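Q: Next up is a structure, given as structure tokens.
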Amino acid sequence: MLRRVSGAALRKSFGQALRALANLKSLELDVRDPLLFELLVDVPFRLRSFTAGGKFTQSCLEAALAHQPSLEYLSIYFWEPVEDATGASHAICRPDILPNLRTIHVSGSYEVDVPLRSLIGHSYPVTHLQLSSRHNDVVYALKLFGETLVTALLDRFIDAKSGQRNLWATSILRNAKLPKLEHLELRDFYMPGYYRSLDPRDITVSGVGKACPALKTFLWWVDDKTMEVLFSPSREKRGDETVLAKFAHKLFQCCPTLERFGVHDEEDPERGPDLLRCAEIFERAKDGSVKGPEYGSVDMHGIDLYAVGASSPESEVDSE
């Protein structure tokens, strides 16, 4: 596996090195010179896993991907601010490329607004999505890949543009069509200097069952302030019912396939190993009733692995 190449001075020697790697299957490029992607147009290898990072690129990236029909896993990350590309043509939109793409991972940071709508414009056959972006881009991604998605791990950055009614996790599923989606994990992060409290009157789950008829697992990461709101008494005051319990029961009622729903605090020090999610969990019992919440863990083996690229062939490359 080849990793970490940067600098315009290395362009010529790097191109020569790439042309000598006929059996390369996994490649990671972290570049400040987008022209390095042009070197991937004339290479002998066919990648299964490709990670591209650094400065935002347009035509260079699509041209490189057009020569990789075997690609299954694509990861794109940005660590520098991306210029507003509103109205620009999509960087990756050719329908005749990437026939085997199954996993897409797009990420950035609080300072980097990943413009997914200007990055990918075609509904490639993606089954596993991992995305870090604003609310509107999360909704766009679910719409774009909705017909094929099985797993989605989403980091949603919330700011003033997100809207009060969209603070609830189910808002990203409004008007969505996700017939194959089985596992959904949403992590909400408020942008620095901004916070809006959940309003229990905005709870909406209508249409979720229709949007996600195969949904089995739904996990929601929240901050400690949001967790306080969720554990406050519901307005109906049905015994000891909390806002969270009200939301969970509504969710199970409209999603007959849902097996477990969990909410956990990002600051929880007992979150457990990487593939375990410790949370306040509601589960559907065999008799159809809803049990919970009970603090426990959800085993993410077989869920996280695909979305973060563990199924990419890195181990095979290292052994060659």
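Ligands are numbered from 1 in the order shown, residues from 1 within each chain, and chains are lettered A, B, ... in the order they appear in the structure tokens.
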Could you pull out the helix (DSSP H, G or I) residues of stretch 84-305 of chain A, going by DSSP on the backbone, and write them as a short mmCIF file (atom, residue, chain, number, x, y, z; two decimals) with all heavy atoms, in the first residue's frame?

A:
data_model
loop_
_atom_site.label_atom_id
_atom_site.label_comp_id
_atom_site.auth_asym_id
_atom_site.auth_seq_id
_atom_site.Cartn_x
_atom_site.Cartn_y
_atom_site.Cartn_z
N LEU A 116 -20.70 18.28 -0.68
CA LEU A 116 -20.98 17.00 -1.33
C LEU A 116 -21.79 17.19 -2.60
O LEU A 116 -21.60 16.47 -3.58
CB LEU A 116 -21.72 16.07 -0.37
CG LEU A 116 -21.93 14.64 -0.87
CD1 LEU A 116 -20.61 13.91 -0.96
CD2 LEU A 116 -22.89 13.89 0.03
N ARG A 117 -22.69 18.15 -2.59
CA ARG A 117 -23.54 18.36 -3.76
C ARG A 117 -22.74 18.80 -4.98
O ARG A 117 -23.19 18.63 -6.11
CB ARG A 117 -24.62 19.38 -3.44
CG ARG A 117 -25.74 18.82 -2.58
CD ARG A 117 -26.59 19.91 -2.00
NE ARG A 117 -25.86 20.65 -0.97
CZ ARG A 117 -26.37 21.67 -0.30
NH1 ARG A 117 -27.59 22.10 -0.57
NH2 ARG A 117 -25.66 22.29 0.62
N SER A 118 -21.55 19.37 -4.77
CA SER A 118 -20.71 19.74 -5.89
C SER A 118 -19.57 18.75 -6.09
O SER A 118 -18.73 18.91 -6.97
CB SER A 118 -20.13 21.15 -5.69
OG SER A 118 -19.32 21.19 -4.53
N LEU A 119 -19.54 17.71 -5.27
CA LEU A 119 -18.49 16.71 -5.37
C LEU A 119 -18.95 15.46 -6.10
O LEU A 119 -18.24 14.92 -6.95
CB LEU A 119 -18.00 16.33 -3.96
CG LEU A 119 -16.92 15.26 -3.88
CD1 LEU A 119 -15.65 15.73 -4.59
CD2 LEU A 119 -16.61 14.92 -2.42
N HIS A 135 -26.38 19.52 7.53
CA HIS A 135 -27.67 18.84 7.42
C HIS A 135 -28.11 18.66 5.97
O HIS A 135 -28.51 17.57 5.56
CB HIS A 135 -28.73 19.61 8.20
CG HIS A 135 -30.12 19.09 8.01
ND1 HIS A 135 -30.62 18.01 8.72
CD2 HIS A 135 -31.12 19.49 7.16
CE1 HIS A 135 -31.86 17.77 8.33
NE2 HIS A 135 -32.18 18.63 7.39
N ASN A 136 -28.03 19.71 5.18
CA ASN A 136 -28.52 19.63 3.81
C ASN A 136 -27.74 18.62 2.97
O ASN A 136 -28.30 17.96 2.09
CB ASN A 136 -28.47 21.01 3.15
CG ASN A 136 -29.54 21.94 3.69
OD1 ASN A 136 -30.52 21.50 4.28
ND2 ASN A 136 -29.35 23.24 3.51
N ASP A 137 -26.44 18.52 3.21
CA ASP A 137 -25.64 17.55 2.47
C ASP A 137 -25.94 16.12 2.90
O ASP A 137 -25.90 15.19 2.09
CB ASP A 137 -24.14 17.83 2.65
CG ASP A 137 -23.59 18.72 1.54
OD1 ASP A 137 -24.23 18.81 0.48
OD2 ASP A 137 -22.51 19.31 1.73
N VAL A 138 -26.24 15.93 4.18
CA VAL A 138 -26.64 14.61 4.66
C VAL A 138 -27.93 14.17 3.96
O VAL A 138 -28.05 13.04 3.48
CB VAL A 138 -26.83 14.62 6.19
CG1 VAL A 138 -27.52 13.34 6.66
CG2 VAL A 138 -25.48 14.76 6.89
N VAL A 139 -28.89 15.07 3.90
CA VAL A 139 -30.15 14.78 3.23
C VAL A 139 -29.91 14.49 1.75
O VAL A 139 -30.49 13.56 1.17
CB VAL A 139 -31.14 15.95 3.40
CG1 VAL A 139 -32.39 15.74 2.55
CG2 VAL A 139 -31.53 16.09 4.87
N TYR A 140 -29.04 15.27 1.13
CA TYR A 140 -28.72 15.08 -0.29
C TYR A 140 -28.11 13.70 -0.52
O TYR A 140 -28.47 13.00 -1.48
CB TYR A 140 -27.75 16.16 -0.74
CG TYR A 140 -27.15 15.92 -2.11
CD1 TYR A 140 -27.87 16.22 -3.27
CD2 TYR A 140 -25.87 15.38 -2.25
CE1 TYR A 140 -27.32 15.99 -4.53
CE2 TYR A 140 -25.32 15.15 -3.50
CZ TYR A 140 -26.05 15.45 -4.64
OH TYR A 140 -25.51 15.21 -5.88
N ALA A 141 -27.18 13.28 0.34
CA ALA A 141 -26.53 11.98 0.18
C ALA A 141 -27.52 10.83 0.30
O ALA A 141 -27.46 9.86 -0.47
CB ALA A 141 -25.42 11.83 1.21
N LEU A 142 -28.43 10.91 1.26
CA LEU A 142 -29.43 9.86 1.43
C LEU A 142 -30.36 9.79 0.22
O LEU A 142 -30.81 8.70 -0.16
CB LEU A 142 -30.23 10.10 2.70
CG LEU A 142 -29.46 9.96 4.02
CD1 LEU A 142 -30.38 10.26 5.20
CD2 LEU A 142 -28.86 8.57 4.16
N LYS A 143 -30.63 10.92 -0.38
CA LYS A 143 -31.46 10.93 -1.58
C LYS A 143 -30.69 10.37 -2.77
O LYS A 143 -31.23 9.58 -3.56
CB LYS A 143 -31.93 12.35 -1.88
CG LYS A 143 -32.81 12.46 -3.11
CD LYS A 143 -33.26 13.90 -3.35
CE LYS A 143 -34.14 13.99 -4.59
NZ LYS A 143 -34.59 15.39 -4.83
N LEU A 144 -29.42 10.74 -2.89
CA LEU A 144 -28.62 10.34 -4.04
C LEU A 144 -28.39 8.83 -4.07
O LEU A 144 -28.51 8.19 -5.12
CB LEU A 144 -27.28 11.08 -4.01
CG LEU A 144 -26.36 10.88 -5.21
CD1 LEU A 144 -26.98 11.45 -6.48
CD2 LEU A 144 -25.00 11.54 -4.95
N GLN A 164 -34.78 24.66 13.16
CA GLN A 164 -35.24 24.09 14.43
C GLN A 164 -35.89 22.72 14.25
O GLN A 164 -35.63 21.79 14.98
CB GLN A 164 -36.21 25.06 15.10
CG GLN A 164 -36.79 24.56 16.42
CD GLN A 164 -35.76 24.49 17.53
OE1 GLN A 164 -34.89 25.35 17.62
NE2 GLN A 164 -35.85 23.46 18.38
N ARG A 165 -36.74 22.57 13.23
CA ARG A 165 -37.48 21.32 13.04
C ARG A 165 -36.57 20.18 12.61
O ARG A 165 -36.98 19.02 12.67
CB ARG A 165 -38.59 21.51 12.01
CG ARG A 165 -39.70 22.42 12.43
CD ARG A 165 -40.81 22.50 11.40
NE ARG A 165 -41.46 21.19 11.22
CZ ARG A 165 -41.39 20.50 10.09
NH1 ARG A 165 -40.68 20.95 9.06
NH2 ARG A 165 -42.02 19.34 9.98
N ASN A 166 -35.36 20.50 12.18
CA ASN A 166 -34.45 19.46 11.70
C ASN A 166 -33.49 18.95 12.77
O ASN A 166 -32.59 18.17 12.47
CB ASN A 166 -33.64 19.98 10.51
CG ASN A 166 -34.50 20.22 9.29
OD1 ASN A 166 -35.49 19.54 9.08
ND2 ASN A 166 -34.14 21.21 8.49
N ALA A 169 -33.44 13.56 15.01
CA ALA A 169 -32.69 12.65 14.13
C ALA A 169 -33.51 12.21 12.93
O ALA A 169 -32.97 12.03 11.83
CB ALA A 169 -32.23 11.43 14.93
N THR A 170 -34.80 12.01 13.11
CA THR A 170 -35.64 11.50 12.03
C THR A 170 -35.86 12.52 10.91
O THR A 170 -36.36 12.17 9.84
CB THR A 170 -37.00 11.07 12.58
OG1 THR A 170 -37.49 12.08 13.48
CG2 THR A 170 -36.89 9.74 13.32
N SER A 171 -35.44 13.77 11.14
CA SER A 171 -35.64 14.79 10.11
C SER A 171 -34.85 14.49 8.85
O SER A 171 -35.25 14.89 7.75
CB SER A 171 -35.25 16.17 10.64
OG SER A 171 -33.84 16.25 10.87
N ILE A 172 -33.74 13.77 8.96
CA ILE A 172 -32.94 13.46 7.77
C ILE A 172 -33.63 12.44 6.88
O ILE A 172 -33.25 12.25 5.71
CB ILE A 172 -31.54 12.94 8.14
CG1 ILE A 172 -31.63 11.60 8.89
CG2 ILE A 172 -30.77 13.97 8.95
CD1 ILE A 172 -30.28 10.94 9.13
N LEU A 173 -34.68 11.78 7.41
CA LEU A 173 -35.40 10.76 6.65
C LEU A 173 -36.68 11.30 6.02
O LEU A 173 -37.39 10.56 5.34
CB LEU A 173 -35.75 9.58 7.56
CG LEU A 173 -34.54 8.92 8.25
CD1 LEU A 173 -35.02 7.84 9.22
CD2 LEU A 173 -33.58 8.33 7.23
N PRO A 200 -39.70 19.29 22.09
CA PRO A 200 -40.51 18.07 22.01
C PRO A 200 -41.71 18.20 21.08
O PRO A 200 -42.21 17.20 20.55
CB PRO A 200 -40.95 17.86 23.46
CG PRO A 200 -39.88 18.52 24.28
CD PRO A 200 -39.48 19.72 23.47
N ARG A 201 -42.18 19.43 20.85
CA ARG A 201 -43.32 19.62 19.96
C ARG A 201 -42.96 19.36 18.51
O ARG A 201 -43.84 19.22 17.66
CB ARG A 201 -43.86 21.05 20.12
CG ARG A 201 -44.47 21.33 21.48
CD ARG A 201 -44.82 22.79 21.63
NE ARG A 201 -43.61 23.64 21.56
CZ ARG A 201 -43.62 24.96 21.69
NH1 ARG A 201 -44.77 25.59 21.91
NH2 ARG A 201 -42.51 25.64 21.61
N ASP A 202 -41.66 19.30 18.22
CA ASP A 202 -41.21 19.07 16.84
C ASP A 202 -40.98 17.59 16.53
O ASP A 202 -40.53 17.26 15.44
CB ASP A 202 -39.91 19.83 16.57
CG ASP A 202 -40.11 21.35 16.58
OD1 ASP A 202 -41.21 21.78 16.20
OD2 ASP A 202 -39.17 22.07 16.96
N VAL A 208 -41.41 7.65 8.36
CA VAL A 208 -40.12 6.98 8.52
C VAL A 208 -40.22 5.51 8.13
O VAL A 208 -39.33 4.96 7.46
CB VAL A 208 -39.60 7.12 9.96
CG1 VAL A 208 -38.32 6.31 10.16
CG2 VAL A 208 -39.35 8.58 10.29
N GLY A 209 -41.29 4.85 8.55
CA GLY A 209 -41.47 3.44 8.21
C GLY A 209 -41.57 3.23 6.71
O GLY A 209 -41.01 2.27 6.16
N LYS A 210 -42.24 4.12 6.04
CA LYS A 210 -42.36 4.03 4.58
C LYS A 210 -41.04 4.34 3.91
O LYS A 210 -40.68 3.73 2.90
CB LYS A 210 -43.44 5.00 4.09
CG LYS A 210 -43.69 4.93 2.60
CD LYS A 210 -44.80 5.89 2.19
CE LYS A 210 -45.06 5.82 0.69
NZ LYS A 210 -46.15 6.77 0.28
N ALA A 211 -40.29 5.28 4.47
CA ALA A 211 -39.01 5.67 3.90
C ALA A 211 -37.96 4.57 4.09
O ALA A 211 -37.11 4.37 3.21
CB ALA A 211 -38.52 6.97 4.53
N ASP A 224 -24.48 16.42 25.73
CA ASP A 224 -25.07 16.26 27.06
C ASP A 224 -26.29 17.15 27.28
O ASP A 224 -27.24 16.76 27.97
CB ASP A 224 -24.01 16.52 28.15
CG ASP A 224 -23.33 17.87 27.99
OD1 ASP A 224 -23.56 18.55 26.97
OD2 ASP A 224 -22.57 18.24 28.90
N LYS A 225 -26.33 18.34 26.65
CA LYS A 225 -27.50 19.20 26.80
C LYS A 225 -28.73 18.58 26.15
O LYS A 225 -29.83 18.63 26.69
CB LYS A 225 -27.22 20.58 26.19
CG LYS A 225 -26.17 21.40 26.93
CD LYS A 225 -25.99 22.75 26.26
CE LYS A 225 -24.95 23.59 26.99
NZ LYS A 225 -24.74 24.90 26.33
N THR A 226 -28.52 18.00 24.98
CA THR A 226 -29.64 17.34 24.30
C THR A 226 -30.11 16.12 25.08
O THR A 226 -31.31 15.84 25.16
CB THR A 226 -29.22 16.92 22.88
OG1 THR A 226 -28.84 18.09 22.14
CG2 THR A 226 -30.36 16.22 22.15
N MET A 227 -29.16 15.41 25.69
CA MET A 227 -29.52 14.25 26.49
C MET A 227 -30.40 14.66 27.67
O MET A 227 -31.35 13.95 28.04
CB MET A 227 -28.25 13.54 26.99
CG MET A 227 -28.51 12.18 27.59
SD MET A 227 -29.07 10.99 26.35
CE MET A 227 -27.66 9.93 26.25
N GLU A 228 -30.13 15.82 28.26
CA GLU A 228 -30.96 16.32 29.37
C GLU A 228 -32.39 16.57 28.91
O GLU A 228 -33.34 16.26 29.62
CB GLU A 228 -30.35 17.60 29.94
CG GLU A 228 -29.04 17.39 30.69
CD GLU A 228 -28.47 18.69 31.22
OE1 GLU A 228 -29.17 19.73 31.10
OE2 GLU A 228 -27.35 18.68 31.76
N VAL A 229 -32.54 17.13 27.72
CA VAL A 229 -33.87 17.37 27.19
C VAL A 229 -34.60 16.05 26.95
O VAL A 229 -35.78 15.90 27.28
CB VAL A 229 -33.80 18.17 25.86
CG1 VAL A 229 -35.19 18.30 25.24
CG2 VAL A 229 -33.20 19.54 26.11
N LEU A 230 -33.88 15.07 26.40
CA LEU A 230 -34.49 13.79 26.09
C LEU A 230 -34.95 13.06 27.36
O LEU A 230 -35.94 12.31 27.32
CB LEU A 230 -33.51 12.91 25.32
CG LEU A 230 -33.20 13.36 23.88
CD1 LEU A 230 -32.09 12.52 23.28
CD2 LEU A 230 -34.46 13.28 23.01
N VAL A 243 -39.31 12.39 27.35
CA VAL A 243 -39.37 12.79 25.94
C VAL A 243 -38.73 11.70 25.07
O VAL A 243 -39.24 11.38 24.00
CB VAL A 243 -38.64 14.14 25.75
CG1 VAL A 243 -38.52 14.47 24.26
CG2 VAL A 243 -39.36 15.25 26.49
N LEU A 244 -37.62 11.13 25.55
CA LEU A 244 -36.95 10.07 24.81
C LEU A 244 -37.85 8.85 24.64
O LEU A 244 -37.94 8.28 23.53
CB LEU A 244 -35.65 9.66 25.52
CG LEU A 244 -34.90 8.47 24.93
CD1 LEU A 244 -34.50 8.74 23.48
CD2 LEU A 244 -33.67 8.14 25.78
N ALA A 245 -38.51 8.44 25.70
CA ALA A 245 -39.39 7.27 25.63
C ALA A 245 -40.54 7.52 24.65
O ALA A 245 -40.92 6.64 23.88
CB ALA A 245 -39.92 6.92 27.01
N LYS A 246 -41.09 8.73 24.70
CA LYS A 246 -42.17 9.07 23.78
C LYS A 246 -41.69 8.97 22.33
O LYS A 246 -42.36 8.38 21.46
CB LYS A 246 -42.67 10.48 24.08
CG LYS A 246 -43.72 10.98 23.11
CD LYS A 246 -44.09 12.43 23.41
CE LYS A 246 -45.08 12.96 22.38
NZ LYS A 246 -45.44 14.38 22.66
N PHE A 247 -40.52 9.52 22.07
CA PHE A 247 -39.96 9.49 20.73
C PHE A 247 -39.69 8.06 20.28
O PHE A 247 -40.02 7.67 19.15
CB PHE A 247 -38.66 10.31 20.71
CG PHE A 247 -37.94 10.32 19.40
CD1 PHE A 247 -38.53 10.85 18.26
CD2 PHE A 247 -36.66 9.81 19.29
CE1 PHE A 247 -37.86 10.87 17.05
CE2 PHE A 247 -35.98 9.83 18.08
CZ PHE A 247 -36.58 10.36 16.96
N ALA A 248 -39.09 7.26 21.17
CA ALA A 248 -38.74 5.87 20.83
C ALA A 248 -39.98 5.04 20.51
O ALA A 248 -40.00 4.29 19.53
CB ALA A 248 -37.95 5.23 21.97
N HIS A 249 -41.02 5.16 21.33
CA HIS A 249 -42.23 4.37 21.09
C HIS A 249 -42.92 4.77 19.79
O HIS A 249 -43.44 3.91 19.07
CB HIS A 249 -43.19 4.51 22.28
CG HIS A 249 -42.80 3.68 23.46
ND1 HIS A 249 -41.87 4.11 24.39
CD2 HIS A 249 -43.18 2.44 23.85
CE1 HIS A 249 -41.71 3.17 25.32
NE2 HIS A 249 -42.50 2.14 25.01
N LYS A 250 -42.90 6.05 19.48
CA LYS A 250 -43.45 6.49 18.20
C LYS A 250 -42.65 5.90 17.04
O LYS A 250 -43.21 5.48 16.02
CB LYS A 250 -43.44 8.02 18.11
CG LYS A 250 -44.53 8.71 18.91
CD LYS A 250 -44.42 10.22 18.77
CE LYS A 250 -45.60 10.93 19.42
NZ LYS A 250 -46.85 10.73 18.67
N LEU A 251 -41.33 5.86 17.21
CA LEU A 251 -40.45 5.34 16.17
C LEU A 251 -40.70 3.86 15.93
O LEU A 251 -40.81 3.41 14.78
CB LEU A 251 -38.99 5.59 16.56
CG LEU A 251 -37.93 5.31 15.50
CD1 LEU A 251 -38.15 6.19 14.27
CD2 LEU A 251 -36.53 5.57 16.08
N PHE A 252 -40.80 3.08 16.99
CA PHE A 252 -41.07 1.65 16.86
C PHE A 252 -42.45 1.40 16.26
O PHE A 252 -42.63 0.45 15.50
CB PHE A 252 -40.96 0.96 18.22
CG PHE A 252 -39.56 0.57 18.59
CD1 PHE A 252 -38.76 1.43 19.34
CD2 PHE A 252 -39.02 -0.65 18.19
CE1 PHE A 252 -37.47 1.08 19.70
CE2 PHE A 252 -37.73 -1.01 18.54
CZ PHE A 252 -36.94 -0.14 19.29
N GLN A 253 -43.38 2.25 16.61
CA GLN A 253 -44.74 2.08 16.10
C GLN A 253 -44.81 2.25 14.59
O GLN A 253 -45.54 1.54 13.90
CB GLN A 253 -45.67 3.07 16.80
CG GLN A 253 -47.13 2.88 16.44
CD GLN A 253 -48.03 3.82 17.21
OE1 GLN A 253 -47.58 4.72 17.92
NE2 GLN A 253 -49.34 3.62 17.10
N CYS A 254 -44.04 3.17 14.06
CA CYS A 254 -44.11 3.44 12.62
C CYS A 254 -43.10 2.62 11.82
O CYS A 254 -43.17 2.61 10.59
CB CYS A 254 -43.92 4.93 12.35
SG CYS A 254 -42.23 5.50 12.46
N ASP A 304 -20.05 -1.29 11.15
CA ASP A 304 -18.98 -0.33 10.94
C ASP A 304 -17.97 -0.78 9.90
O ASP A 304 -17.46 0.01 9.13
CB ASP A 304 -18.23 -0.10 12.26
CG ASP A 304 -18.79 1.09 13.03
OD1 ASP A 304 -19.68 1.75 12.50
OD2 ASP A 304 -18.33 1.33 14.14
N LEU A 305 -17.66 -2.06 9.90
CA LEU A 305 -16.56 -2.55 9.09
C LEU A 305 -16.66 -2.12 7.63
O LEU A 305 -15.70 -1.66 7.04
CB LEU A 305 -16.48 -4.08 9.17
CG LEU A 305 -15.97 -4.64 10.49
CD1 LEU A 305 -15.93 -6.16 10.43
CD2 LEU A 305 -14.60 -4.10 10.83
#

Q: Based on DSSP run over this structure's backbone, return all residues of stretch 78-230 of chain A in strand (DSSP E), as a ChimeraX atom specification.

A: /A:103-107,128-134,151-158,183-190,217-222

Q: For atom CA of A:Lys180 and atom CA of A:Ala214, quote the distance in Å rounded to one decimal.

A: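 The value is 5.8 Å.
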
Q: Could you jot down the atom CA of A:Ala66 to atom CA of A:Ala176 separation for me, Å, one decimal place?

A: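 Spanning atom CA of A:Ala66 to atom CA of A:Ala176 is a straight-line distance of 29.1 Å.
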
Q: Just the residues within 10 Å of A:Thr51, please, counting only C-alpha atoms, with nothing from its chain fewer than 6 positions along; format it as a PyMOL selection string.

A: chain A and resi 3+26-30+73-77+104-106+309

Q: Which residues of stretch 120-218 of chain A come within 12 Å of stretch 285-301 of chain A, and what is each one's closest atom pair and distance in Å (one decimal), counting only C-alpha atoms, sorted by chain and residue number, as a tab-separated table?

A:
residue	atom	partner	partner_atom	distance
A:Thr151	CA	A:Met300	CA	11.1
A:Leu153	CA	A:Met300	CA	11.2
A:His183	CA	A:Met300	CA	9.6
A:Leu184	CA	A:Met300	CA	11.0
A:Glu185	CA	A:Met300	CA	10.3
A:Thr217	CA	A:Val298	CA	9.2
A:Phe218	CA	A:Val298	CA	10.4
